[in-house]
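Asker: Structure provided below as structure tokens; questions to follow.
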Amino acid sequence: MSRCLLVFGVFVCLMVFGARGAWACDCSTGSCLGCACGCGGFGSPGSGGSAAMGSSFASRGMTLESRIPIATLAGTTGQVGSAIWGWVDPLTSREYALYGISNGTAFVDVTAPTAPVYLGLMPTNTGSTPWRELQTYGNHLYVVSDGNGAHGMQIFDLTRLRGVSTSQSWIPNTTYNGVTSVHTITINEDTGYAYLNGSNQAQHVVNLANPLSPTAVTNYTAVPGGYVHDSLSVVYNGPDAAHVGKEIVLNSAGGSGLEIVNFTTHTAPIRLSAANYPNIGYTHQGWLTEDQRFFIVNDEFDEWNLPSGPQNTRTHLWDLIDLDTPAYLGYYQHPSIAIDHNLFIKGNLLFESNYTVGLRVFDLSALWTTNFAALPLRLDGTRNLQSVLFEEAFFDTYNQDDAAPERSFNGQWGNYPFLPSGTILAADRNNGLFVLAFSSAPEPSSVLILLLGGLGGMALWRRRR
């Protein structure tokens, strides 16, 4: 909600989310970036930016530094975007966006976020497909594709981009053909193992000790149904002392829910636990908080596939204080009907890509101070997390449905918030690569001081009249 107060002739708008999360903006200047009160609530592109079809993108607390349309990235029309990742050259510190598109993988230098440089496309090994996923290990990029014939896993040495400043056509250094079709890829950069999820070989595990020549290790099929949609692999350093130092993989297993596996011995993985939650649709993907205590999950089907009928977006929360007995804590229900897709956590911020409403950024600080047992229950018996997650900012990259909101697979596929500069990358299937940044805004305490000072001044003025 918002509160707009007249302080010394200037409208100052206080945005309130739960008990915190505030920004101020000066509505008298016509600049509404970071504000959703009387003068609008639509962010303007920064220098070098552009807007789809000549219209603005709804935002709060974020700025559009630049955008590159899908047609430019793909080199042709009729293509769509998918996964996004980032890479920093360790020698030059230049930052790059690596963007999966239906006909290949695009490379963009985003070191200057308002003036990105398109470096060209590495074409697909086979045909076009809406599913292309990628991740990095050191200076190498690994690209997989689903529903696309015998594509295999492309491997590209990213140092080839060093010193390049113009667009060109690229080919992979090599292709790993131990699999043909793969839905998603997870790489543990600490151990050098990659997990090829949803492949024609189940969850296919490879060793990347030789980055250009991966070796097959095992095919994991213990999850009911044998299908892992996505996963997250960490060297565990969380609250469960019994598993510290082990390589733990959290599998998002579709309709089977969450599965936790000990992959320390890669040839003989041990399933620690499996669990789901009420009204599960399709556990799609998730990420751990940095202390590895909580696991936050998006469910791709629960917006429209529940017995009670279509629902708003839900973000689900697990407590992993005991990896052998994960505890489901409940869900946060968004005000939108969008389908949620991919999310990531950096510090205490959750970056969630929800197709038709774009990037949503939540403050997670309340996770560590909330008494979950005391939270109210919903009618379905789950805990209500509305007081736990606070939306701090957003940028809606899909403006085609602003007049009539869609529940569809159009819009933002994913994001990458981990570049050292703080630049945020967002991949919209329809509208291309978005290079974003947080807008400069006072901390909540500064806003409070401003408001209290302004109100005090108004009171003093009234007494002296």
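All residue names refer to the structure tokens as shown: chains lettered A, B, ... in order, residues numbered from 1 in each chain, ligands numbered from 1 in order.
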Taking the backbone alone, and naming residues the way the document does, which bits of range 81-254 of chain A are helix (DSSP H, G or I) by DSSP, as a list of chain:residue names?
Answerer: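 Here are the helix (DSSP H, G or I) residues of range 81-254 of chain A: A:Leu158, A:Thr159, A:Arg160, A:Leu161, A:Ala241, A:Ala242, A:His243.
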Asker: Can I get the selected residues back with N, CA and C atoms, as a CSV table (one decimal), in the first residue's frame?
Answerer:
chain,number,residue,atom,x,y,z
A,158,LEU,N,34.7,-19.7,-22.7
A,158,LEU,CA,34.3,-18.3,-22.6
A,158,LEU,C,35.5,-17.3,-22.8
A,159,THR,N,36.7,-17.7,-22.6
A,159,THR,CA,37.8,-16.8,-22.8
A,159,THR,C,37.9,-16.4,-24.2
A,160,ARG,N,37.3,-17.1,-25.1
A,160,ARG,CA,37.3,-16.7,-26.5
A,160,ARG,C,36.6,-15.4,-26.7
A,161,LEU,N,35.8,-15.0,-25.8
A,161,LEU,CA,35.1,-13.7,-25.9
A,161,LEU,C,36.0,-12.5,-25.5
A,241,ALA,N,24.3,-30.8,11.4
A,241,ALA,CA,25.7,-31.1,11.6
A,241,ALA,C,26.1,-32.5,11.1
A,242,ALA,N,25.1,-33.4,11.0
A,242,ALA,CA,25.4,-34.8,10.5
A,242,ALA,C,25.8,-34.8,9.0
A,243,HIS,N,25.5,-33.7,8.3
A,243,HIS,CA,25.8,-33.7,6.9
A,243,HIS,C,26.7,-32.6,6.4
Asker: Find the nearest atom pair between each residue of range 184-258 of chain A and range 314-325 of chain A for residues within 12 Å, count only C-alpha atoms, give distances in Å to one decimal, sort rows by chain and ascending number, and present the table as a tab-separated table.
Answerer:
residue	atom	partner	partner_atom	distance
A:Tyr236	CA	A:Leu323	CA	10.3
A:Asn237	CA	A:Ile321	CA	11.3
A:Gly238	CA	A:Ile321	CA	7.7
A:Pro239	CA	A:Ile321	CA	5.5
A:Asp240	CA	A:Asp322	CA	5.4
A:Ala241	CA	A:Asp322	CA	8.9
A:Ala242	CA	A:Asp322	CA	8.9
A:His243	CA	A:Leu323	CA	8.0
A:Val244	CA	A:Leu323	CA	10.6
A:Lys246	CA	A:Leu323	CA	11.7
A:Ile248	CA	A:Leu323	CA	9.3
A:Val249	CA	A:Leu323	CA	10.7
A:Leu250	CA	A:Leu323	CA	9.8
A:Gly257	CA	A:His316	CA	11.2
A:Leu258	CA	A:Trp318	CA	9.4
Asker: Excluding range 148-155 of chain A and its own-chain neighbours fewer than 6 positions away, which residues fall within 9 Å of it when counting only C-alpha atoms? Please give them as a list in words.
Answerer: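 Returned residues: Thr124, Asn125, Thr126, Gly127, Ser128, Thr129, Trp131, His140, Leu141, Tyr142, Pro172, Asn173, Thr174, Thr175, Tyr176, Asn177, Gly178, Val179, Thr180, Ser181, Val182, Pro211, Leu212 and Ser213 of chain A.
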Asker: Would you write out those residues with C-alpha atoms, as a PDB file, in the first residue's frame?
Answerer:
ATOM      1  CA  THR A 124      21.940 -24.844 -31.768  1.00  0.00           C
ATOM      2  CA  ASN A 125      23.400 -28.267 -32.594  1.00  0.00           C
ATOM      3  CA  THR A 126      20.059 -29.425 -33.977  1.00  0.00           C
ATOM      4  CA  GLY A 127      16.804 -27.492 -34.372  1.00  0.00           C
ATOM      5  CA  SER A 128      14.946 -24.752 -32.536  1.00  0.00           C
ATOM      6  CA  THR A 129      13.252 -25.422 -29.215  1.00  0.00           C
ATOM      7  CA  TRP A 131      14.006 -25.267 -23.875  1.00  0.00           C
ATOM      8  CA  HIS A 140      33.525 -22.803 -19.616  1.00  0.00           C
ATOM      9  CA  LEU A 141      29.872 -22.703 -20.591  1.00  0.00           C
ATOM     10  CA  TYR A 142      27.701 -25.822 -20.797  1.00  0.00           C
ATOM     11  CA  PRO A 172      31.189 -24.766 -29.551  1.00  0.00           C
ATOM     12  CA  ASN A 173      34.639 -26.088 -28.700  1.00  0.00           C
ATOM     13  CA  THR A 174      33.111 -29.535 -28.463  1.00  0.00           C
ATOM     14  CA  THR A 175      29.904 -31.417 -27.667  1.00  0.00           C
ATOM     15  CA  TYR A 176      29.409 -34.067 -24.995  1.00  0.00           C
ATOM     16  CA  ASN A 177      27.240 -36.829 -26.444  1.00  0.00           C
ATOM     17  CA  GLY A 178      26.733 -39.023 -23.390  1.00  0.00           C
ATOM     18  CA  VAL A 179      23.153 -37.737 -23.458  1.00  0.00           C
ATOM     19  CA  THR A 180      20.949 -36.391 -26.221  1.00  0.00           C
ATOM     20  CA  SER A 181      18.094 -34.444 -24.587  1.00  0.00           C
ATOM     21  CA  VAL A 182      18.402 -32.580 -21.254  1.00  0.00           C
ATOM     22  CA  PRO A 211      36.231 -29.081 -18.651  1.00  0.00           C
ATOM     23  CA  LEU A 212      36.377 -29.867 -22.375  1.00  0.00           C
ATOM     24  CA  SER A 213      36.061 -33.620 -21.916  1.00  0.00           C
TER      25      SER A 213
END
Asker: Within 7 Å of range 93-104 of chain A, counting only C-alpha atoms, which residues qualify if same-chain residues fewer than 4 places away don't, as an NGL selection string?
Answerer: :A and (74 or 79-89 or 108-111 or 121-124 or 127-133)
Asker: Could you give me, as CSV, every range 184-219 of chain A residue with an atom at most 8 Å from range 265-272 of chain A, plus its closest atom pair and distance in Å to one decimal, counting only C-alpha atoms, rows ordered by chain then number?
Answerer:
residue,atom,partner,partner_atom,distance
A:Val205,CA,A:His266,CA,7.9
A:Val217,CA,A:Thr267,CA,6.1
A:Thr218,CA,A:Thr267,CA,5.7
